[in-house]
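Asker: Below are the structure tokens for one structure; questions will follow.
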Amino acid sequence: MLIRRAEVAGAGRLDVRVEAGAIVEIGGAIKPRAAEAVLDAAGGALLPGLHDHHIHLLSLAKALESIPCGPPNVSNGAQLIAQLEQHAATTGDDDGWLRGIGYHESVAGDIDRAWLDAVMPSRPLRIQHRSGRLWIFNGAALARIGTGTSPLPPGADLASGRFLDADDWLRARLPDERPPLRLASTLLARRGVVGVTDATPSNGLSDHRYFAGQRAGGQLLQDVLVMGSAELHLAARDKDVAVGGVAVGPTKIYLRESALPDFDDLCAAMRLSHAAGRAVAVHCVTVAELVFAASALAEAGHHPGDRIEHASLTPPATLDLLAGSGITVVTQPNFVLERGDQYLADLPAAEQPWLYGGRRFLARSIPLAAGTDAPFGDPDPWRAMAAAVNRRTRGGACLNPDETLAPEEALALFTGPAAQPGAEPRAIRAGAAADLCLLDRPWRDAREDLAAVQVIATLRAGTLIHGPQ
């Protein structure tokens, strides 16, 4: 393929030839070859394809088929009831499961089994809290999963129908819900995404095989770095780390302040992961979790690629633990937009300046990258970049303006290498992989309003996965 009249690295209009998955030539007025596909960029910026460094692919695919149950789609109990009833009436299946996502207690409080039974008494319904940790079931759904035949997990309460941190237990009792990934993957391709890191803690060998099968079958258009459990150590040791664009990534460790693991056990798990050639990625949304994780990594020894996921609250003392350690922070600037108003309403004023930092990490030379956390966040990386630049909530408040990034710095959050988030952004140069996205405007215009950017074409390894055929 020959891409003509593209803005490359801020330079004037250039032509870029792609061949055998790589960029082979960049110059002015390159002559097309016979039968060579030609794409006219019309002066639009040609950028490295984006990588979402923290996403949940299967959950995103399921979310696209689920009922939105929280802000901004739903703001109160009456709207939630209407949403559930409307969806139930239009599915054409009086006995099928209903699945809601994104619930927040600002809508109707701490809803439970009784609340759901009053709305939907006979059809199985379950709703997920936007944190991803809590499921709420109605009576019909509980009857369907057969809760009386085995011990309940610690976070389960049948009376309320609420299951906290019980995904493994529930997964064994629900039908296999692995959906085709084509719809979710196409959505990402339209936004210029050529690769993702799936950050689901429970990912194991079967999930790795599923992603590889979806990729081989054309359902999955992106390269995938699969985080997950210690079960993936086996694939890493066997060098089965890049099968058809699906590679094994860091070991995901999900910390919860209310039930932190034994410190020595955590250090041992980190060492085991490092010995298997895998970094660790530690989920940290509270200060206590972050301090615990950073202290354990200091004790266990650092490994290239070790990461902190979210780093939601980072007071100054926590930056001292991270600076100079080599640990990367992978954050979610889109939460400033999507959840900022709720944070301002719920969090103590003293903690609000610590929320979802940006500039503070770069100022201390702490490697910084970003993911959307979709479906728990909006999967559009351009809106996330815009939030990193303007720090605006949906309500218009500016959340910690000192943390704003320049548009180029926001773009870099999504253009670092998959295995080295926060490293130098990938460049468009001869010999580089042809992982590219073409914008509908030059960069000088795009940087003024990143959320308005449209992607004209997306290429992964030289293959057009979105754009004119």
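Going by the structure tokens order, chains are called A, B, ..., each with residues numbered from 1, while ligands are numbered from 1 in the order shown.
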Fewer than 4 positions away in the same chain doesn't count, so skip those; otherwise give me all residues within 7 Å of stretch 410-413 of chain A, counting only C-alpha atoms, as a ChimeraX atom specification.
Answerer: /A:368-370,385,388-389,405-406,422,425
Asker: At a cut-off of 8 Å, can you tabulate as JSON lines every residue of stretch 401-432 of chain A near stretch 289-310 of chain A together with its closest atom pair and the distance in Å to one decimal, using only C-alpha atoms and ordering rows by chain then number?
Answerer:
```
{"residue": "A:Ala419", "atom": "CA", "partner": "A:Gly305", "partner_atom": "CA", "distance": 6.8}
{"residue": "A:Gln420", "atom": "CA", "partner": "A:Gly305", "partner_atom": "CA", "distance": 6.1}
{"residue": "A:Pro421", "atom": "CA", "partner": "A:Gly305", "partner_atom": "CA", "distance": 7.8}
```
Asker: Would you work out the distance separating atom CA of A:His233 from atom CA of A:Asp207, expressed in Å to one decimal?
Answerer: 13.5 Å
Asker: Counting only C-alpha atoms, what is within 8 Å of A:Leu80, bar same-chain residues fewer than 6 positions away, as a list in words?
Answerer: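 Residues meeting the cut-off are Cys69, Gly70, Val74 and Val107 of chain A.
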Asker: Rounded to one decimal, what separation in Å do you get between atom CA of A:Ala288 and atom CA of A:Gly249?
Answerer: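 Pair atom CA of A:Ala288 / atom CA of A:Gly249 returns 25.3 Å.
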Asker: DSSP on the backbone: what in stretch 33-123 of chain A comes out strand (DSSP E or B), as a ChimeraX atom specification?
Answerer: /A:38-40,45-48,50-55,67-68,98-103
Asker: Considering only C-alpha atoms, state which residue in the set A:Pro353, A:Pro124, A:Gly228, A:Gly324 is at the smallest distance from A:Arg278.
Answerer: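 Answer, going by the shortest atom-to-atom distance: A:Gly228.
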Asker: Here is a test: counting only C-alpha atoms, which residue of A:Ser229, A:Thr404, A:Thr197, A:Thr91 is nearest to A:Val336?
Answerer: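 When distances to A:Val336 are compared using only C-alpha atoms, the smallest one comes from A:Thr404.
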Asker: List as a CSV table (one decimal) with N, CA and C atoms, in the first residue's frame the protein and nucleic acid residues near stretch 188-192 of chain A, meaning an atom at most 10 Å away when only C-alpha atoms are counted, but skip any in the same chain fewer than 6 places from it.
Answerer:
```
chain,number,residue,atom,x,y,z
A,47,LEU,N,0.0,8.7,12.3
A,47,LEU,CA,0.5,8.5,13.6
A,47,LEU,C,0.8,7.0,13.8
A,48,PRO,N,1.6,6.7,14.8
A,48,PRO,CA,1.7,5.3,15.2
A,48,PRO,C,0.3,4.8,15.7
A,49,GLY,N,0.0,3.6,15.4
A,49,GLY,CA,-1.3,3.0,15.9
A,49,GLY,C,-1.3,3.0,17.4
A,50,LEU,N,-2.5,3.1,17.9
A,50,LEU,CA,-2.6,3.2,19.4
A,50,LEU,C,-2.6,1.8,20.0
A,51,HIS,N,-2.1,1.8,21.3
A,51,HIS,CA,-2.2,0.6,22.1
A,51,HIS,C,-2.9,1.0,23.4
A,52,ASP,N,-4.0,0.3,23.7
A,52,ASP,CA,-4.7,0.5,25.0
A,52,ASP,C,-4.0,-0.5,26.0
A,182,ARG,N,-15.5,-9.8,17.5
A,182,ARG,CA,-15.5,-8.9,16.3
A,182,ARG,C,-16.1,-7.5,16.5
A,220,LEU,N,-10.7,-11.1,15.9
A,220,LEU,CA,-9.9,-10.2,16.7
A,220,LEU,C,-8.9,-9.5,15.8
A,221,LEU,N,-8.9,-8.2,15.7
A,221,LEU,CA,-8.1,-7.5,14.7
A,221,LEU,C,-6.8,-7.0,15.3
A,222,GLN,N,-6.8,-6.8,16.6
A,222,GLN,CA,-5.6,-6.3,17.3
A,222,GLN,C,-4.6,-7.3,17.8
A,379,PRO,N,-14.3,3.1,25.9
A,379,PRO,CA,-13.1,2.5,25.2
A,379,PRO,C,-12.5,3.5,24.2
A,380,ASP,N,-12.9,4.7,24.1
A,380,ASP,CA,-12.4,5.7,23.1
A,380,ASP,C,-11.1,6.3,23.7
A,381,PRO,N,-9.9,5.9,23.2
A,381,PRO,CA,-8.7,6.5,23.7
A,381,PRO,C,-8.5,8.0,23.5
A,382,TRP,N,-9.2,8.5,22.4
A,382,TRP,CA,-9.1,10.0,22.1
A,382,TRP,C,-9.8,10.8,23.2
A,435,ASP,N,2.3,-0.3,11.9
A,435,ASP,CA,1.1,-0.2,12.8
A,435,ASP,C,0.8,1.3,12.9
A,436,LEU,N,-0.3,1.7,12.2
A,436,LEU,CA,-0.5,3.1,11.9
A,436,LEU,C,-2.0,3.5,12.1
A,437,CYS,N,-2.2,4.8,12.3
A,437,CYS,CA,-3.5,5.3,12.2
A,437,CYS,C,-3.5,6.7,11.5
A,438,LEU,N,-4.4,6.9,10.6
A,438,LEU,CA,-4.5,8.1,9.8
A,438,LEU,C,-5.6,8.9,10.3
A,439,LEU,N,-5.4,10.2,10.7
A,439,LEU,CA,-6.4,11.1,11.1
A,439,LEU,C,-7.1,11.9,10.0
A,453,VAL,N,-11.3,14.1,17.2
A,453,VAL,CA,-10.6,13.4,16.1
A,453,VAL,C,-11.4,12.2,15.6
A,454,GLN,N,-11.3,12.1,14.3
A,454,GLN,CA,-11.8,10.9,13.6
A,454,GLN,C,-10.7,10.2,12.9
A,455,VAL,N,-10.7,8.9,12.9
A,455,VAL,CA,-9.6,8.0,12.3
A,455,VAL,C,-10.1,7.6,11.0
A,456,ILE,N,-9.4,7.9,10.0
A,456,ILE,CA,-9.8,7.5,8.6
A,456,ILE,C,-9.4,6.1,8.3
A,457,ALA,N,-8.2,5.7,8.8
A,457,ALA,CA,-7.7,4.4,8.5
A,457,ALA,C,-6.8,3.9,9.6
A,458,THR,N,-6.9,2.6,9.8
A,458,THR,CA,-6.0,1.9,10.8
A,458,THR,C,-5.4,0.7,10.2
A,459,LEU,N,-4.0,0.6,10.3
A,459,LEU,CA,-3.3,-0.5,9.8
A,459,LEU,C,-2.5,-1.2,10.9
A,460,ARG,N,-2.7,-2.5,11.0
A,460,ARG,CA,-1.9,-3.3,11.9
A,460,ARG,C,-1.0,-4.2,11.1
A,464,LEU,N,-4.9,-3.4,6.5
A,464,LEU,CA,-6.0,-2.4,6.8
A,464,LEU,C,-7.1,-3.1,7.6
A,465,ILE,N,-7.2,-2.6,8.9
A,465,ILE,CA,-8.3,-3.2,9.8
A,465,ILE,C,-9.4,-2.2,10.0
A,466,HIS,N,-9.2,-1.0,9.5
A,466,HIS,CA,-10.3,0.0,9.4
A,466,HIS,C,-10.0,1.0,8.3
A,467,GLY,N,-11.0,1.3,7.5
A,467,GLY,CA,-10.8,2.3,6.5
A,467,GLY,C,-11.3,1.9,5.1
```
Asker: Measuring atom to atom with only C-alpha atoms, identify which of A:Gly340, A:Arg360, A:Ala78, A:His274 is nearest to A:Thr314.
Answerer: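 Among the listed residues, A:Arg360 lies closest to A:Thr314.
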Asker: Considering only C-alpha atoms, state which residue in the set A:Ala317, A:Ala118, A:Ile111, A:Ala11 is at the smallest distance from A:Ile136.
Answerer: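 Of A:Ala317, A:Ala118, A:Ile111, A:Ala11, the one nearest A:Ile136, counting only C-alpha atoms, is A:Ile111.
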